[in-house]
file coords34.cif (mmCIF, C-alpha atoms, pLDDT in the B column; chains and numbers go by the auth columns)
data_work
#
loop_
_atom_site.group_PDB
_atom_site.id
_atom_site.type_symbol
_atom_site.label_atom_id
_atom_site.label_comp_id
_atom_site.label_asym_id
_atom_site.label_seq_id
_atom_site.Cartn_x
_atom_site.Cartn_y
_atom_site.Cartn_z
_atom_site.B_iso_or_equiv
_atom_site.auth_seq_id
_atom_site.auth_asym_id
ATOM 1 C CA MET A 1 28.183 3.533 2.521 48.00 1 A
ATOM 2 C CA ALA A 2 25.513 4.487 -0.016 55.00 2 A
ATOM 3 C CA SER A 3 24.557 8.145 -0.129 59.00 3 A
ATOM 4 C CA ALA A 4 21.076 9.164 1.011 70.00 4 A
ATOM 5 C CA ALA A 5 20.795 10.887 -2.380 83.00 5 A
ATOM 6 C CA ALA A 6 21.985 7.899 -4.424 86.00 6 A
ATOM 7 C CA LEU A 7 18.652 7.723 -6.292 91.00 7 A
ATOM 8 C CA GLU A 8 18.118 11.460 -6.698 91.00 8 A
ATOM 9 C CA GLY A 9 16.480 12.138 -10.069 93.00 9 A
ATOM 10 C CA ILE A 10 14.850 8.675 -10.209 95.00 10 A
ATOM 11 C CA ARG A 11 11.045 8.676 -10.359 97.00 11 A
ATOM 12 C CA VAL A 12 9.153 5.711 -8.917 97.00 12 A
ATOM 13 C CA ILE A 13 5.425 5.043 -9.333 97.00 13 A
ATOM 14 C CA ASP A 14 4.213 3.007 -6.363 96.00 14 A
ATOM 15 C CA PHE A 15 1.051 0.990 -6.991 96.00 15 A
ATOM 16 C CA GLY A 16 1.756 -1.229 -3.973 92.00 16 A
ATOM 17 C CA GLN A 17 -0.761 -2.124 -1.282 90.00 17 A
ATOM 18 C CA TYR A 18 -0.510 -3.832 2.109 90.00 18 A
ATOM 19 C CA MET A 19 3.163 -4.213 3.108 90.00 19 A
ATOM 20 C CA ALA A 20 5.676 -5.413 0.524 93.00 20 A
ATOM 21 C CA GLY A 21 5.124 -2.894 -2.277 93.00 21 A
ATOM 22 C CA PRO A 22 4.939 0.198 -0.048 94.00 22 A
ATOM 23 C CA MET A 23 7.981 -0.974 1.949 95.00 23 A
ATOM 24 C CA ALA A 24 10.078 -1.459 -1.185 96.00 24 A
ATOM 25 C CA ALA A 25 9.117 1.989 -2.486 95.00 25 A
ATOM 26 C CA MET A 26 9.847 3.460 0.965 95.00 26 A
ATOM 27 C CA MET A 27 13.420 2.161 0.803 95.00 27 A
ATOM 28 C CA LEU A 28 13.892 3.775 -2.612 96.00 28 A
ATOM 29 C CA ALA A 29 12.490 7.052 -1.277 95.00 29 A
ATOM 30 C CA ASP A 30 14.929 6.854 1.654 93.00 30 A
ATOM 31 C CA PHE A 31 17.763 6.991 -0.894 93.00 31 A
ATOM 32 C CA GLY A 32 16.436 10.046 -2.671 94.00 32 A
ATOM 33 C CA ALA A 33 14.015 8.703 -5.272 95.00 33 A
ATOM 34 C CA ASP A 34 10.951 10.783 -6.094 95.00 34 A
ATOM 35 C CA VAL A 35 8.188 8.290 -5.239 97.00 35 A
ATOM 36 C CA ILE A 36 4.622 8.980 -6.342 97.00 36 A
ATOM 37 C CA ARG A 37 2.178 6.733 -4.554 96.00 37 A
ATOM 38 C CA VAL A 38 -1.050 5.851 -6.378 95.00 38 A
ATOM 39 C CA GLU A 39 -3.766 5.557 -3.740 93.00 39 A
ATOM 40 C CA PRO A 40 -7.151 3.923 -4.398 91.00 40 A
ATOM 41 C CA PRO A 41 -10.297 5.840 -3.462 91.00 41 A
ATOM 42 C CA GLY A 42 -10.793 5.409 0.277 84.00 42 A
ATOM 43 C CA GLY A 43 -7.091 5.173 1.067 80.00 43 A
ATOM 44 C CA PRO A 44 -4.725 2.216 1.587 78.00 44 A
ATOM 45 C CA ARG A 45 -6.311 -1.225 1.638 77.00 45 A
ATOM 46 C CA LEU A 46 -4.469 -2.024 4.848 78.00 46 A
ATOM 47 C CA LYS A 47 -5.704 0.311 7.557 80.00 47 A
ATOM 48 C CA SER A 48 -2.678 0.570 9.822 78.00 48 A
ATOM 49 C CA ALA A 49 -0.706 3.232 11.653 77.00 49 A
ATOM 50 C CA ALA A 50 2.345 1.670 9.979 77.00 50 A
ATOM 51 C CA ASN A 51 1.312 3.368 6.719 78.00 51 A
ATOM 52 C CA ALA A 52 2.856 6.547 8.122 81.00 52 A
ATOM 53 C CA THR A 53 6.223 4.772 8.009 83.00 53 A
ATOM 54 C CA TRP A 54 5.819 2.827 4.774 84.00 54 A
ATOM 55 C CA ASN A 55 4.668 5.934 2.881 88.00 55 A
ATOM 56 C CA ARG A 56 7.162 8.404 4.323 90.00 56 A
ATOM 57 C CA GLY A 57 8.969 10.604 1.842 90.00 57 A
ATOM 58 C CA LYS A 58 6.417 9.994 -0.914 93.00 58 A
ATOM 59 C CA ARG A 59 4.016 12.157 -2.843 94.00 59 A
ATOM 60 C CA SER A 60 0.574 10.713 -3.491 93.00 60 A
ATOM 61 C CA ILE A 61 -2.338 10.866 -5.897 94.00 61 A
ATOM 62 C CA VAL A 62 -5.761 9.233 -5.595 95.00 62 A
ATOM 63 C CA LEU A 63 -6.801 7.386 -8.761 95.00 63 A
ATOM 64 C CA ASP A 64 -9.605 4.968 -9.550 94.00 64 A
ATOM 65 C CA LEU A 65 -7.837 2.713 -12.035 93.00 65 A
ATOM 66 C CA LYS A 66 -11.164 1.263 -13.184 93.00 66 A
ATOM 67 C CA THR A 67 -12.137 4.582 -14.793 95.00 67 A
ATOM 68 C CA ALA A 68 -10.791 5.620 -18.195 95.00 68 A
ATOM 69 C CA ALA A 69 -9.809 9.132 -17.109 96.00 69 A
ATOM 70 C CA ASP A 70 -7.814 8.038 -14.064 95.00 70 A
ATOM 71 C CA LEU A 71 -6.243 5.132 -15.958 95.00 71 A
ATOM 72 C CA ALA A 72 -4.995 7.621 -18.549 96.00 72 A
ATOM 73 C CA ILE A 73 -3.398 9.680 -15.760 96.00 73 A
ATOM 74 C CA ALA A 74 -1.740 6.538 -14.377 96.00 74 A
ATOM 75 C CA ARG A 75 -0.338 5.663 -17.813 96.00 75 A
ATOM 76 C CA ASP A 76 1.040 9.198 -18.172 96.00 76 A
ATOM 77 C CA LEU A 77 2.775 8.826 -14.804 97.00 77 A
ATOM 78 C CA VAL A 78 4.315 5.527 -15.879 97.00 78 A
ATOM 79 C CA ALA A 79 5.470 7.079 -19.156 96.00 79 A
ATOM 80 C CA SER A 80 7.428 9.650 -17.121 95.00 80 A
ATOM 81 C CA ALA A 81 8.866 7.149 -14.633 97.00 81 A
ATOM 82 C CA ASP A 82 12.052 5.183 -14.173 97.00 82 A
ATOM 83 C CA VAL A 83 10.544 2.504 -11.916 98.00 83 A
ATOM 84 C CA LEU A 84 7.100 0.970 -11.370 98.00 84 A
ATOM 85 C CA ILE A 85 6.384 -1.119 -8.270 97.00 85 A
ATOM 86 C CA GLU A 86 3.296 -3.288 -7.785 96.00 86 A
ATOM 87 C CA ASN A 87 2.497 -6.248 -5.565 94.00 87 A
ATOM 88 C CA PHE A 88 -0.802 -7.572 -6.852 94.00 88 A
ATOM 89 C CA ARG A 89 -1.427 -11.163 -7.855 94.00 89 A
ATOM 90 C CA PRO A 90 -0.112 -12.015 -11.348 93.00 90 A
ATOM 91 C CA GLY A 91 -2.561 -10.852 -13.992 92.00 91 A
ATOM 92 C CA VAL A 92 -4.225 -8.066 -11.977 93.00 92 A
ATOM 93 C CA MET A 93 -2.196 -5.220 -13.512 94.00 93 A
ATOM 94 C CA GLU A 94 -2.828 -6.635 -16.987 93.00 94 A
ATOM 95 C CA ARG A 95 -6.568 -6.553 -16.355 93.00 95 A
ATOM 96 C CA LEU A 96 -6.265 -2.931 -15.263 93.00 96 A
ATOM 97 C CA GLY A 97 -4.402 -2.063 -18.460 93.00 97 A
ATOM 98 C CA LEU A 98 -1.084 -1.505 -16.695 95.00 98 A
ATOM 99 C CA GLY A 99 0.657 -4.812 -17.330 94.00 99 A
ATOM 100 C CA GLU A 100 4.380 -5.241 -17.778 93.00 100 A
ATOM 101 C CA ALA A 101 4.397 -5.755 -21.554 94.00 101 A
ATOM 102 C CA ALA A 102 2.180 -2.720 -22.247 94.00 102 A
ATOM 103 C CA MET A 103 4.028 -0.433 -19.846 95.00 103 A
ATOM 104 C CA ARG A 104 7.473 -1.375 -21.121 95.00 104 A
ATOM 105 C CA LYS A 105 6.267 -0.786 -24.675 95.00 105 A
ATOM 106 C CA LEU A 106 5.023 2.630 -23.548 95.00 106 A
ATOM 107 C CA ASN A 107 8.309 3.331 -21.747 96.00 107 A
ATOM 108 C CA PRO A 108 11.224 1.093 -22.864 95.00 108 A
ATOM 109 C CA ARG A 109 13.505 2.450 -20.117 96.00 109 A
ATOM 110 C CA LEU A 110 11.077 1.416 -17.385 97.00 110 A
ATOM 111 C CA ILE A 111 12.149 -0.929 -14.575 97.00 111 A
ATOM 112 C CA TYR A 112 8.930 -2.836 -13.855 97.00 112 A
ATOM 113 C CA CYS A 113 9.087 -4.563 -10.465 97.00 113 A
ATOM 114 C CA ALA A 114 6.328 -7.016 -9.526 97.00 114 A
ATOM 115 C CA ILE A 115 6.204 -8.430 -5.991 96.00 115 A
ATOM 116 C CA PRO A 116 3.463 -11.106 -6.058 95.00 116 A
ATOM 117 C CA GLY A 117 2.853 -13.635 -3.329 93.00 117 A
ATOM 118 C CA PHE A 118 3.613 -16.515 -5.691 93.00 118 A
ATOM 119 C CA ALA A 119 5.408 -16.364 -9.047 92.00 119 A
ATOM 120 C CA HIS A 120 3.354 -16.023 -12.230 93.00 120 A
ATOM 121 C CA ASP A 121 4.143 -19.636 -13.213 91.00 121 A
ATOM 122 C CA ASP A 122 3.394 -21.084 -9.752 90.00 122 A
ATOM 123 C CA PRO A 123 0.159 -23.141 -9.570 92.00 123 A
ATOM 124 C CA ARG A 124 -0.773 -20.997 -6.553 92.00 124 A
ATOM 125 C CA ALA A 125 -0.355 -17.691 -8.421 88.00 125 A
ATOM 126 C CA ALA A 126 -4.060 -16.772 -8.194 90.00 126 A
ATOM 127 C CA MET A 127 -4.183 -17.362 -4.436 88.00 127 A
ATOM 128 C CA ARG A 128 -4.488 -14.385 -2.107 89.00 128 A
ATOM 129 C CA ALA A 129 -1.071 -14.714 -0.509 88.00 129 A
ATOM 130 C CA TRP A 130 -1.612 -13.224 2.925 88.00 130 A
ATOM 131 C CA GLU A 131 1.342 -13.346 5.307 86.00 131 A
ATOM 132 C CA GLY A 132 -0.124 -16.346 7.144 85.00 132 A
ATOM 133 C CA ILE A 133 -0.545 -18.309 3.910 87.00 133 A
ATOM 134 C CA LEU A 134 3.043 -17.588 2.904 88.00 134 A
ATOM 135 C CA GLY A 135 4.285 -18.514 6.365 85.00 135 A
ATOM 136 C CA ALA A 136 2.511 -21.856 6.162 84.00 136 A
ATOM 137 C CA ALA A 137 3.665 -22.510 2.586 85.00 137 A
ATOM 138 C CA THR A 138 7.309 -21.792 3.373 83.00 138 A
ATOM 139 C CA GLY A 139 7.483 -23.667 6.669 78.00 139 A
ATOM 140 C CA CYS A 140 7.985 -20.560 8.800 78.00 140 A
ATOM 141 C CA TYR A 141 5.608 -21.987 11.366 74.00 141 A
ATOM 142 C CA THR A 142 7.391 -25.293 11.859 70.00 142 A
ATOM 143 C CA THR A 143 8.518 -25.919 15.413 61.00 143 A
ATOM 144 C CA HIS A 144 12.041 -25.367 16.676 61.00 144 A
ATOM 145 C CA ALA A 145 14.188 -27.383 19.086 60.00 145 A
ATOM 146 C CA THR A 146 13.990 -24.580 21.637 64.00 146 A
ATOM 147 C CA VAL A 147 10.184 -24.633 21.562 64.00 147 A
ATOM 148 C CA LYS A 148 8.963 -27.636 23.511 71.00 148 A
ATOM 149 C CA VAL A 149 5.813 -28.286 21.480 73.00 149 A
ATOM 150 C CA ASP A 150 5.171 -30.781 18.714 73.00 150 A
ATOM 151 C CA ARG A 151 3.068 -28.544 16.462 74.00 151 A
ATOM 152 C CA PRO A 152 3.479 -25.515 14.196 73.00 152 A
ATOM 153 C CA VAL A 153 4.194 -22.284 16.049 74.00 153 A
ATOM 154 C CA TYR A 154 2.696 -19.092 14.618 75.00 154 A
ATOM 155 C CA ASN A 155 5.083 -16.183 14.199 73.00 155 A
ATOM 156 C CA CYS A 156 3.507 -12.734 13.865 76.00 156 A
ATOM 157 C CA MET A 157 6.552 -11.189 12.156 80.00 157 A
ATOM 158 C CA PRO A 158 5.885 -10.361 8.452 86.00 158 A
ATOM 159 C CA PHE A 159 9.007 -12.139 7.210 86.00 159 A
ATOM 160 C CA SER A 160 7.724 -12.679 3.667 90.00 160 A
ATOM 161 C CA SER A 161 6.800 -9.051 3.074 91.00 161 A
ATOM 162 C CA ALA A 162 9.879 -7.618 4.785 92.00 162 A
ATOM 163 C CA TYR A 163 12.387 -9.800 2.958 92.00 163 A
ATOM 164 C CA GLY A 164 10.512 -9.445 -0.333 94.00 164 A
ATOM 165 C CA ALA A 165 10.538 -5.654 -0.031 95.00 165 A
ATOM 166 C CA TYR A 166 14.263 -5.600 0.716 95.00 166 A
ATOM 167 C CA LEU A 167 15.147 -7.897 -2.186 96.00 167 A
ATOM 168 C CA ALA A 168 12.908 -5.911 -4.539 96.00 168 A
ATOM 169 C CA SER A 169 14.562 -2.612 -3.640 96.00 169 A
ATOM 170 C CA VAL A 170 18.039 -4.093 -4.146 96.00 170 A
ATOM 171 C CA ALA A 171 16.978 -5.624 -7.478 96.00 171 A
ATOM 172 C CA VAL A 172 15.630 -2.270 -8.655 96.00 172 A
ATOM 173 C CA ALA A 173 18.907 -0.553 -7.780 95.00 173 A
ATOM 174 C CA LEU A 174 20.869 -3.192 -9.709 96.00 174 A
ATOM 175 C CA ALA A 175 18.521 -2.858 -12.694 96.00 175 A
ATOM 176 C CA LEU A 176 18.994 0.917 -12.695 97.00 176 A
ATOM 177 C CA ASN A 177 22.748 0.389 -12.708 95.00 177 A
ATOM 178 C CA ALA A 178 22.414 -1.991 -15.676 95.00 178 A
ATOM 179 C CA ARG A 179 20.170 0.497 -17.481 95.00 179 A
ATOM 180 C CA ALA A 180 22.833 3.184 -17.140 94.00 180 A
ATOM 181 C CA ARG A 181 25.022 1.001 -19.383 94.00 181 A
ATOM 182 C CA SER A 182 22.448 -0.528 -21.745 94.00 182 A
ATOM 183 C CA GLY A 183 19.782 2.163 -21.904 92.00 183 A
ATOM 184 C CA GLN A 184 17.116 -0.526 -21.558 93.00 184 A
ATOM 185 C CA GLY A 185 14.651 -1.213 -18.772 94.00 185 A
ATOM 186 C CA GLN A 186 13.667 -4.685 -17.607 95.00 186 A
ATOM 187 C CA PHE A 187 11.049 -6.727 -15.804 96.00 187 A
ATOM 188 C CA ILE A 188 11.767 -7.954 -12.273 96.00 188 A
ATOM 189 C CA GLU A 189 9.600 -10.425 -10.365 96.00 189 A
ATOM 190 C CA VAL A 190 10.262 -10.977 -6.659 96.00 190 A
ATOM 191 C CA PRO A 191 7.755 -13.583 -5.369 95.00 191 A
ATOM 192 C CA LEU A 192 7.289 -13.298 -1.623 94.00 192 A
ATOM 193 C CA PHE A 193 7.215 -17.109 -1.380 92.00 193 A
ATOM 194 C CA ALA A 194 10.747 -17.288 -2.784 91.00 194 A
ATOM 195 C CA ALA A 195 11.990 -14.272 -0.823 90.00 195 A
ATOM 196 C CA THR A 196 10.987 -15.897 2.467 89.00 196 A
ATOM 197 C CA PHE A 197 13.642 -18.578 2.066 87.00 197 A
ATOM 198 C CA THR A 198 16.360 -15.965 2.434 84.00 198 A
ATOM 199 C CA ALA A 199 15.187 -15.734 6.045 80.00 199 A
ATOM 200 C CA PHE A 200 14.456 -19.422 6.629 71.00 200 A
ATOM 201 C CA SER A 201 16.738 -21.251 4.215 61.00 201 A
ATOM 202 C CA GLY A 202 17.907 -23.584 6.963 59.00 202 A
ATOM 203 C CA LYS A 203 14.449 -25.100 7.172 58.00 203 A
ATOM 204 C CA ALA A 204 14.513 -25.913 3.465 58.00 204 A
ATOM 205 C CA MET A 205 17.905 -27.642 3.512 59.00 205 A
ATOM 206 C CA ARG A 206 18.485 -31.300 4.005 61.00 206 A
ATOM 207 C CA VAL A 207 21.962 -32.311 5.120 62.00 207 A
ATOM 208 C CA ILE A 208 23.289 -35.508 3.535 68.00 208 A
ATOM 209 C CA GLY A 209 23.520 -38.221 6.156 67.00 209 A
ATOM 210 C CA GLU A 210 21.166 -36.479 8.546 58.00 210 A
ATOM 211 C CA ARG A 211 17.881 -38.111 9.386 58.00 211 A
ATOM 212 C CA SER A 212 14.814 -36.276 8.023 51.00 212 A
#
call {"tool": "encode", "arguments": {"input": "coords34.cif", "output": "structure tokens"}}
result
Amino acid sequence: MASAAALEGIRVIDFGQYMAGPMAAMMLADFGADVIRVEPPGGPRLKSAANATWNRGKRSIVLDLKTAADLAIARDLVASADVLIENFRPGVMERLGLGEAAMRKLNPRLIYCAIPGFAHDDPRAAMRAWEGILGAATGCYTTHATVKVDRPVYNCMPFSSAYGAYLASVAVALALNARARSGQGQFIEVPLFAATFTAFSGKAMRVIGERS
């Protein structure tokens, strides 16, 4: 079993909003990482009591990344970090001046983990990938034999965010292990669209000989 202090000495800068980013950083904090959460003015974009869980074990700082002074503070934090987590749409961090290429040039040992709704090369990358949109895109709402209705069935569970957060945290741990040998950081992208299929892969499979 992994120790609760397995990531002691690892600094994580959490730029995440809504569910996936904060959840991934929470899991790293649970294993001893020093997580510094960057809050926008006015607090988290998702107003939910669940923030008390997702942001447990973290320190926080309020920064307006659209101002030069606060952006400079954010860059200094990244320069001191081992891991950066963000879950904006592809291109947003670049526009803020905190994109992967610039941050890894600033800090070559950085593990930069992006958790977008859709991958950067997906035609839907610019879409606001709310949980409902991801559920529809991945087929999570298709009916099931046990449900006696011939229409999509909405599921309120945030499968995309939960599975994306878990996969991101595991990927970060593996990247840190690789860095211990190579000395180099790396870029990780965990699209929530792709992560969802680890929960619903059976709906994406087609068995040879079985009628569609």
call {"tool": "resolve_selection", "arguments": {"input": "coords34.cif", "expression": "the PyMOL selection byres ((chain A and resi 195-200) around 9)", "output": "number ranges by chain"}}
result
A: 134-135, 138-140, 159-165, 167, 190-194, 201-204
call {"tool": "write_last_selection", "arguments": {"input": "coords34.cif", "atoms": "C-alpha atoms", "output": "PDB file, in the frame of the given file"}}
result
ATOM      1  CA  LEU A 134       3.043 -17.588   2.904  1.00 88.00           C
ATOM      2  CA  GLY A 135       4.285 -18.514   6.365  1.00 85.00           C
ATOM      3  CA  THR A 138       7.309 -21.792   3.373  1.00 83.00           C
ATOM      4  CA  GLY A 139       7.483 -23.667   6.669  1.00 78.00           C
ATOM      5  CA  CYS A 140       7.985 -20.560   8.800  1.00 78.00           C
ATOM      6  CA  PHE A 159       9.007 -12.139   7.210  1.00 86.00           C
ATOM      7  CA  SER A 160       7.724 -12.679   3.667  1.00 90.00           C
ATOM      8  CA  SER A 161       6.800  -9.051   3.074  1.00 91.00           C
ATOM      9  CA  ALA A 162       9.879  -7.618   4.785  1.00 92.00           C
ATOM     10  CA  TYR A 163      12.387  -9.800   2.958  1.00 92.00           C
ATOM     11  CA  GLY A 164      10.512  -9.445  -0.333  1.00 94.00           C
ATOM     12  CA  ALA A 165      10.538  -5.654  -0.031  1.00 95.00           C
ATOM     13  CA  LEU A 167      15.147  -7.897  -2.186  1.00 96.00           C
ATOM     14  CA  VAL A 190      10.262 -10.977  -6.659  1.00 96.00           C
ATOM     15  CA  PRO A 191       7.755 -13.583  -5.369  1.00 95.00           C
ATOM     16  CA  LEU A 192       7.289 -13.298  -1.623  1.00 94.00           C
ATOM     17  CA  PHE A 193       7.215 -17.109  -1.380  1.00 92.00           C
ATOM     18  CA  ALA A 194      10.747 -17.288  -2.784  1.00 91.00           C
ATOM     19  CA  SER A 201      16.738 -21.251   4.215  1.00 61.00           C
ATOM     20  CA  GLY A 202      17.907 -23.584   6.963  1.00 59.00           C
ATOM     21  CA  LYS A 203      14.449 -25.100   7.172  1.00 58.00           C
ATOM     22  CA  ALA A 204      14.513 -25.913   3.465  1.00 58.00           C
TER      23      ALA A 204
END
call {"tool": "resolve_selection", "arguments": {"input": "coords34.cif", "expression": "the PyMOL selection byres ((chain A and resi 89-93) around 7)", "output": "ChimeraX atom specification"}}
result
/A:87-88,94-99,116-117,120,125-126
call {"tool": "closest_atom_pairs", "arguments": {"input": "coords34.cif", "of": "region 92-157 of chain A", "to": "region 21-41 of chain A", "cutoff": "10 Å", "atoms": "only C-alpha atoms", "output": "tab-separated table"}}
result
residue	atom	partner	partner_atom	distance
A:Cys113	CA	A:Gly21	CA	9.2
A:Ala114	CA	A:Gly21	CA	8.4
A:Ile115	CA	A:Gly21	CA	6.8
A:Pro116	CA	A:Gly21	CA	9.2
call {"tool": "atom_distance", "arguments": {"input": "coords34.cif", "atom1": "CA of Pro108 (chain A)", "atom2": "CA of Val78 (chain A)"}}
result
10.8 Å
call {"tool": "closest_residue", "arguments": {"input": "coords34.cif", "among": "A:Gly132, A:Pro44, A:Gly183, A:Gly9", "to": "Ser80 (chain A)", "atoms": "all atoms listed in the file"}}
result
A:Gly9
call {"tool": "resolve_selection", "arguments": {"input": "coords34.cif", "expression": "the PyMOL selection byres ((chain A and resi 178-180) around 12)", "output": "list in words"}}
result
Ile10, Asp82, Val83, Pro108, Arg109, Leu110, Ile111, Ala171, Val172, Ala173, Leu174, Ala175, Leu176, Asn177, Arg181, Ser182, Gly183, Gln184, Gly185, Gln186 and Phe187 of chain A
call {"tool": "atom_distance", "arguments": {"input": "coords34.cif", "atom1": "CA of Lys105 (chain A)", "atom2": "CA of Glu86 (chain A)"}}
result
17.3 Å
call {"tool": "atom_distance", "arguments": {"input": "coords34.cif", "atom1": "CA of Phe15 (chain A)", "atom2": "CA of Tyr154 (chain A)"}}
result
29.5 Å
call {"tool": "build_atoms", "arguments": {"input": "coords34.cif", "residues": "region 71-83 of chain A", "atoms": "N, CA, C and O atoms", "output": "PDB file, in the coordinates of the input"}}
result
ATOM      1  N   LEU A  71      -7.205   6.064 -15.364  1.00 95.00           N
ATOM      2  CA  LEU A  71      -6.243   5.132 -15.958  1.00 95.00           C
ATOM      3  C   LEU A  71      -5.306   5.867 -16.904  1.00 95.00           C
ATOM      4  O   LEU A  71      -4.098   5.596 -16.941  1.00 95.00           O
ATOM      5  N   ALA A  72      -5.831   6.830 -17.647  1.00 96.00           N
ATOM      6  CA  ALA A  72      -4.995   7.621 -18.549  1.00 96.00           C
ATOM      7  C   ALA A  72      -3.958   8.415 -17.768  1.00 96.00           C
ATOM      8  O   ALA A  72      -2.797   8.537 -18.189  1.00 96.00           O
ATOM      9  N   ILE A  73      -4.349   8.950 -16.608  1.00 96.00           N
ATOM     10  CA  ILE A  73      -3.398   9.680 -15.760  1.00 96.00           C
ATOM     11  C   ILE A  73      -2.306   8.731 -15.266  1.00 96.00           C
ATOM     12  O   ILE A  73      -1.115   9.072 -15.264  1.00 96.00           O
ATOM     13  N   ALA A  74      -2.711   7.528 -14.852  1.00 96.00           N
ATOM     14  CA  ALA A  74      -1.740   6.538 -14.377  1.00 96.00           C
ATOM     15  C   ALA A  74      -0.746   6.176 -15.475  1.00 96.00           C
ATOM     16  O   ALA A  74       0.465   6.064 -15.237  1.00 96.00           O
ATOM     17  N   ARG A  75      -1.227   5.998 -16.691  1.00 96.00           N
ATOM     18  CA  ARG A  75      -0.338   5.663 -17.813  1.00 96.00           C
ATOM     19  C   ARG A  75       0.625   6.810 -18.099  1.00 96.00           C
ATOM     20  O   ARG A  75       1.802   6.577 -18.412  1.00 96.00           O
ATOM     21  N   ASP A  76       0.149   8.053 -17.976  1.00 96.00           N
ATOM     22  CA  ASP A  76       1.040   9.198 -18.172  1.00 96.00           C
ATOM     23  C   ASP A  76       2.132   9.227 -17.101  1.00 96.00           C
ATOM     24  O   ASP A  76       3.297   9.559 -17.392  1.00 96.00           O
ATOM     25  N   LEU A  77       1.774   8.878 -15.871  1.00 97.00           N
ATOM     26  CA  LEU A  77       2.775   8.826 -14.804  1.00 97.00           C
ATOM     27  C   LEU A  77       3.827   7.766 -15.107  1.00 97.00           C
ATOM     28  O   LEU A  77       5.032   7.998 -14.931  1.00 97.00           O
ATOM     29  N   VAL A  78       3.371   6.603 -15.563  1.00 97.00           N
ATOM     30  CA  VAL A  78       4.315   5.527 -15.879  1.00 97.00           C
ATOM     31  C   VAL A  78       5.226   5.928 -17.033  1.00 97.00           C
ATOM     32  O   VAL A  78       6.424   5.622 -17.035  1.00 97.00           O
ATOM     33  N   ALA A  79       4.669   6.639 -18.013  1.00 96.00           N
ATOM     34  CA  ALA A  79       5.470   7.079 -19.156  1.00 96.00           C
ATOM     35  C   ALA A  79       6.605   7.995 -18.735  1.00 96.00           C
ATOM     36  O   ALA A  79       7.652   8.064 -19.396  1.00 96.00           O
ATOM     37  N   SER A  80       6.419   8.708 -17.609  1.00 95.00           N
ATOM     38  CA  SER A  80       7.428   9.650 -17.121  1.00 95.00           C
ATOM     39  C   SER A  80       8.370   9.035 -16.100  1.00 95.00           C
ATOM     40  O   SER A  80       9.269   9.718 -15.603  1.00 95.00           O
ATOM     41  N   ALA A  81       8.175   7.755 -15.780  1.00 97.00           N
ATOM     42  CA  ALA A  81       8.866   7.149 -14.633  1.00 97.00           C
ATOM     43  C   ALA A  81      10.093   6.341 -15.031  1.00 97.00           C
ATOM     44  O   ALA A  81      10.268   5.935 -16.190  1.00 97.00           O
ATOM     45  N   ASP A  82      10.922   6.096 -14.034  1.00 97.00           N
ATOM     46  CA  ASP A  82      12.052   5.183 -14.173  1.00 97.00           C
ATOM     47  C   ASP A  82      11.713   3.803 -13.640  1.00 97.00           C
ATOM     48  O   ASP A  82      12.229   2.790 -14.130  1.00 97.00           O
ATOM     49  N   VAL A  83      10.858   3.756 -12.611  1.00 98.00           N
ATOM     50  CA  VAL A  83      10.544   2.504 -11.916  1.00 98.00           C
ATOM     51  C   VAL A  83       9.055   2.438 -11.638  1.00 98.00           C
ATOM     52  O   VAL A  83       8.431   3.449 -11.276  1.00 98.00           O
TER      53      VAL A  83
END
